[in-house]
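Take a look at the structure set out below.
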There are 2 protein chains.
Amino acid sequence: MVRPQSSKPYHHGELREALVSAGRRLLEERGIRGFTLRECARRASVSHAAPAHHFASLDDLLAEIATRGYQELTAAMESEAQRVADNAAARLVAHGVGYMAFAAANPVLFQLMFSREANRFETPNLFAAAKAAYHLVVAAVGAVIPKAPAEVKQRMVDFTWASIHGFITLVLEGQIGEGDTPRALKSRGMAMLAAVVETVVRTGGDP
Amino acid sequence: MVRPQSSKPYHHGELREALVSAGRRLLEERGIRGFTLRECARRASVSHAAPAHHFASLDDLLAEIATRGYQELTAAMESEAQRVADNAAARLVAHGVGYMAFAAANPVLFQLMFSREANRFETPNLFAAAKAAYHLVVAAVGAVIPKAPAEVKQRMVDFTWASIHGFITLVLEGQIGEGDTPRALKSRGMAMLAAVVETVVRTGGDP
DNA sequence: AAATGTAACTTGCCAGCGTCTAGTTTATGC
DNA sequence: GCATAAACTAGACGCTGGCAAGTTACATTT
């Protein structure tokens, strides 16, 4: 039997990828509570039960999406850092810029990645992807204060990461700079970054 | 007709409060995605449709719970600050301690309060409660650097709030100090706070 | 090249969800 | 005491995630 060109094949072929991609868009459109497996299936033009062959559960799909988010976050930080690869402090600032840019471009995904829900997924891939992003921060901070003792380094990592993460989180939730223009907001972010890096340099250099 | 003592009255009497209180416990037990109106009703021993007479929707109940969360957060910061009311820097640290203590005691509620979902509720009470907490931080930072220009003050508020918020958020998600004892974690938090306040003092005093 | 096994997909079902409508019970205000 | 409003119950709707059973297409082996 010849299959007419307009009819779709029984096997999708790349359903897994299609679900991840549809899910990501759905997530940004409707938020975490509006995310449903059936809508993902609908957008991929398959039946509501098809996703089960690629993801064990809704949480499993969310975990995959979050994992890719961490990989992209890492890539965004690295990509920004490569553009200013002259000195360690500038690279640390660039990492922060990449971090914030990713969060601003994918606000719901970012929230999912750092939510308690995601923490319960407990998949090894997600864990590894998150660790990779973390180690990038550790390395970048370490490069700024190479001679500081390990304890100081760790505290400066805490401090740096917390400041950047907290700032962009509060911005995305509208708690900081609600009436600001994007331009003014970016300026506030850069001021934050400058203050953070300056504190790291001063604390790490000082014994 | 005499009502036997063991049967419950038709009217609950304090259903609104009972739903808020049950909802709060449910939220911490099952997370945001496990929160359901029907389970709240069950725990308050009323029918599944009873909550509709007190809350227009599930989001409406969540908004009320989040609003109370902000009020408690404000109270927690004030209460800590009162215990060390000698100088401005110590009070700012105390505010931070109260902030983190509240978050640690109510992790899911804290996440709800600062989530995009909550931001969409748009109820005036929630907005006002959040602003009250914010102004506490503004006042505390302002007291530390009274002579600084407004712009510096605002940037130091951004910086302070972001650092504290980011730190406790990352801790609650297990991203910071996963293997640490509670004692070690608290020490890392206090180190963060010290670094933040020191930066505020230095930046605000310096022209 | 044919048969067989397996993976990808569909349809149909279940209980649970939020919300709406309609009806019942109790409290309140005149 | 009586009308009216408020608080609650019961039932229904369309949606959800997940499970079971059946269908289709591909892959592998002989």
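Identifiers in the structure tokens: chain A, B, ... in order shown; residue index from 1 per chain; ligand index from 1 in order shown.
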**Message:** Which residues are close to C:DT21, i.e. within 12 Å by only C-alpha atoms (C1' of nucleotides), leaving aside same-chain residues fewer than 3 positions away? Reply as an MDAnalysis selection string.
**Reply:** (chainID B and resid 49) or (chainID D and resid 10:13)
**Test item: chain C residues at most 12 Å from chain B, counting only C-alpha atoms (C1' of nucleotides), as a ChimeraX atom specification** = /C:16-21,24-27
**Prompt:** What is the distance, in Å and to one decimal place, between atom CA of B:Leu15 and atom CA of B:Ala63?
**Reply:**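 For atom CA of B:Leu15 relative to atom CA of B:Ala63, the distance reads 16.6 Å.
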**Item:** Within 12 Å of D:DT29 using only C-alpha atoms (C1' of nucleotides), minus same-chain residues under 3 positions, as a list in words
**Value:** DA1, DA2, DA3, DT4 and DG5 of chain C
Could the residues of chain A that have an atom at most 7 Å from chain B be listed as CSV, each with its closest atom pair and the distance in Å to one decimal, counting only C-alpha atoms and ordered by chain and ascending residue number?
residue,atom,partner,partner_atom,distance
A:Arg33,CA,B:Arg33,CA,6.8
A:Phe114,CA,B:Glu173,CA,6.5
A:Ser115,CA,B:Glu173,CA,6.4
A:Arg116,CA,B:Glu173,CA,5.6
A:Asn119,CA,B:Glu173,CA,6.4
A:Arg155,CA,B:Arg188,CA,7.0
A:Phe159,CA,B:Met192,CA,5.9
A:Ala162,CA,B:Gly166,CA,4.2
A:Ser163,CA,B:Ser163,CA,4.0
A:His165,CA,B:Gly166,CA,5.4
A:Gly166,CA,B:Gly166,CA,3.6
A:Phe167,CA,B:Ala162,CA,4.5
A:Glu173,CA,B:Arg116,CA,5.6
A:Arg188,CA,B:Arg155,CA,7.0
A:Met192,CA,B:Phe159,CA,5.9
A:Thr199,CA,B:Thr199,CA,6.8
Store the residues picked out above in a file with N, CA and C atoms, as an mmCIF file, in the first residue's frame.
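Written file, selection16.cif:
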data_model
loop_
_atom_site.group_PDB
_atom_site.id
_atom_site.type_symbol
_atom_site.label_atom_id
_atom_site.label_comp_id
_atom_site.auth_asym_id
_atom_site.auth_seq_id
_atom_site.Cartn_x
_atom_site.Cartn_y
_atom_site.Cartn_z
ATOM 1 N N ARG A 33 3.242 25.084 36.479
ATOM 2 C CA ARG A 33 1.956 24.468 36.812
ATOM 3 C C ARG A 33 1.088 24.247 35.581
ATOM 4 N N PHE A 114 16.377 25.405 39.256
ATOM 5 C CA PHE A 114 16.766 25.672 40.638
ATOM 6 C C PHE A 114 15.587 25.556 41.594
ATOM 7 N N SER A 115 14.661 24.693 41.267
ATOM 8 C CA SER A 115 13.510 24.542 42.155
ATOM 9 C C SER A 115 13.631 23.261 42.963
ATOM 10 N N ARG A 116 12.903 23.204 44.031
ATOM 11 C CA ARG A 116 12.891 22.005 44.870
ATOM 12 C C ARG A 116 12.349 20.807 44.101
ATOM 13 N N ASN A 119 15.027 19.235 42.264
ATOM 14 C CA ASN A 119 15.955 18.589 43.173
ATOM 15 C C ASN A 119 15.489 17.191 43.558
ATOM 16 N N ARG A 155 34.358 30.306 50.287
ATOM 17 C CA ARG A 155 33.429 31.344 50.729
ATOM 18 C C ARG A 155 33.200 32.396 49.654
ATOM 19 N N PHE A 159 29.709 33.347 47.907
ATOM 20 C CA PHE A 159 29.347 34.753 47.826
ATOM 21 C C PHE A 159 29.044 35.173 46.387
ATOM 22 N N ALA A 162 25.933 33.211 44.962
ATOM 23 C CA ALA A 162 24.700 33.640 45.633
ATOM 24 C C ALA A 162 24.280 35.026 45.158
ATOM 25 N N SER A 163 25.221 35.923 45.031
ATOM 26 C CA SER A 163 24.889 37.295 44.638
ATOM 27 C C SER A 163 24.302 37.337 43.230
ATOM 28 N N HIS A 165 23.105 34.791 41.427
ATOM 29 C CA HIS A 165 21.867 34.010 41.357
ATOM 30 C C HIS A 165 20.708 34.773 42.016
ATOM 31 N N GLY A 166 20.970 35.335 43.156
ATOM 32 C CA GLY A 166 19.920 36.072 43.865
ATOM 33 C C GLY A 166 19.449 37.271 43.071
ATOM 34 N N PHE A 167 20.378 37.995 42.506
ATOM 35 C CA PHE A 167 20.002 39.189 41.756
ATOM 36 C C PHE A 167 19.097 38.855 40.577
ATOM 37 N N GLU A 173 11.535 37.730 39.049
ATOM 38 C CA GLU A 173 10.272 37.685 39.788
ATOM 39 C C GLU A 173 9.656 39.068 39.922
ATOM 40 N N ARG A 188 22.029 48.056 36.560
ATOM 41 C CA ARG A 188 22.012 47.623 37.960
ATOM 42 C C ARG A 188 22.705 46.269 38.106
ATOM 43 N N MET A 192 26.088 45.376 40.278
ATOM 44 C CA MET A 192 26.141 44.242 41.204
ATOM 45 C C MET A 192 27.392 43.414 40.959
ATOM 46 N N THR A 199 34.822 42.773 45.660
ATOM 47 C CA THR A 199 34.896 42.172 46.996
ATOM 48 C C THR A 199 35.736 40.898 46.971
#
**Message:** Give me, as a list in words, the residues of chain D touching chain B, with the criterion being at most 7 Å (counting only C-alpha atoms (C1' of nucleotides)).
**Reply:** DA7, DC8 and DT9 of chain D
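Using only C-alpha atoms (C1' of nucleotides) for every distance, the candidate list D:DT23, D:DT30, D:DT16, D:DT4 yields D:DT16 as the residue closest to C:DA15.
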**Request:** Would you work out the distance separating atom CA of A:Glu28 from atom CA of A:Leu109, expressed in Å to one decimal?
**Result:** 6.9 Å
**Message:** I'd like to know which residues of stretch 62-205 of chain A are alpha helix (DSSP H) (by DSSP, run on the backbone); could you write them as an NGL selection string?
**Reply:** :A and (62-82 or 88-105 or 107-113 or 116-121 or 124-144 or 150-172 or 182-205)
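The two atoms in question, atom CA of A:Ala101 and atom CA of A:Arg68, are spaced 16.0 Å apart.
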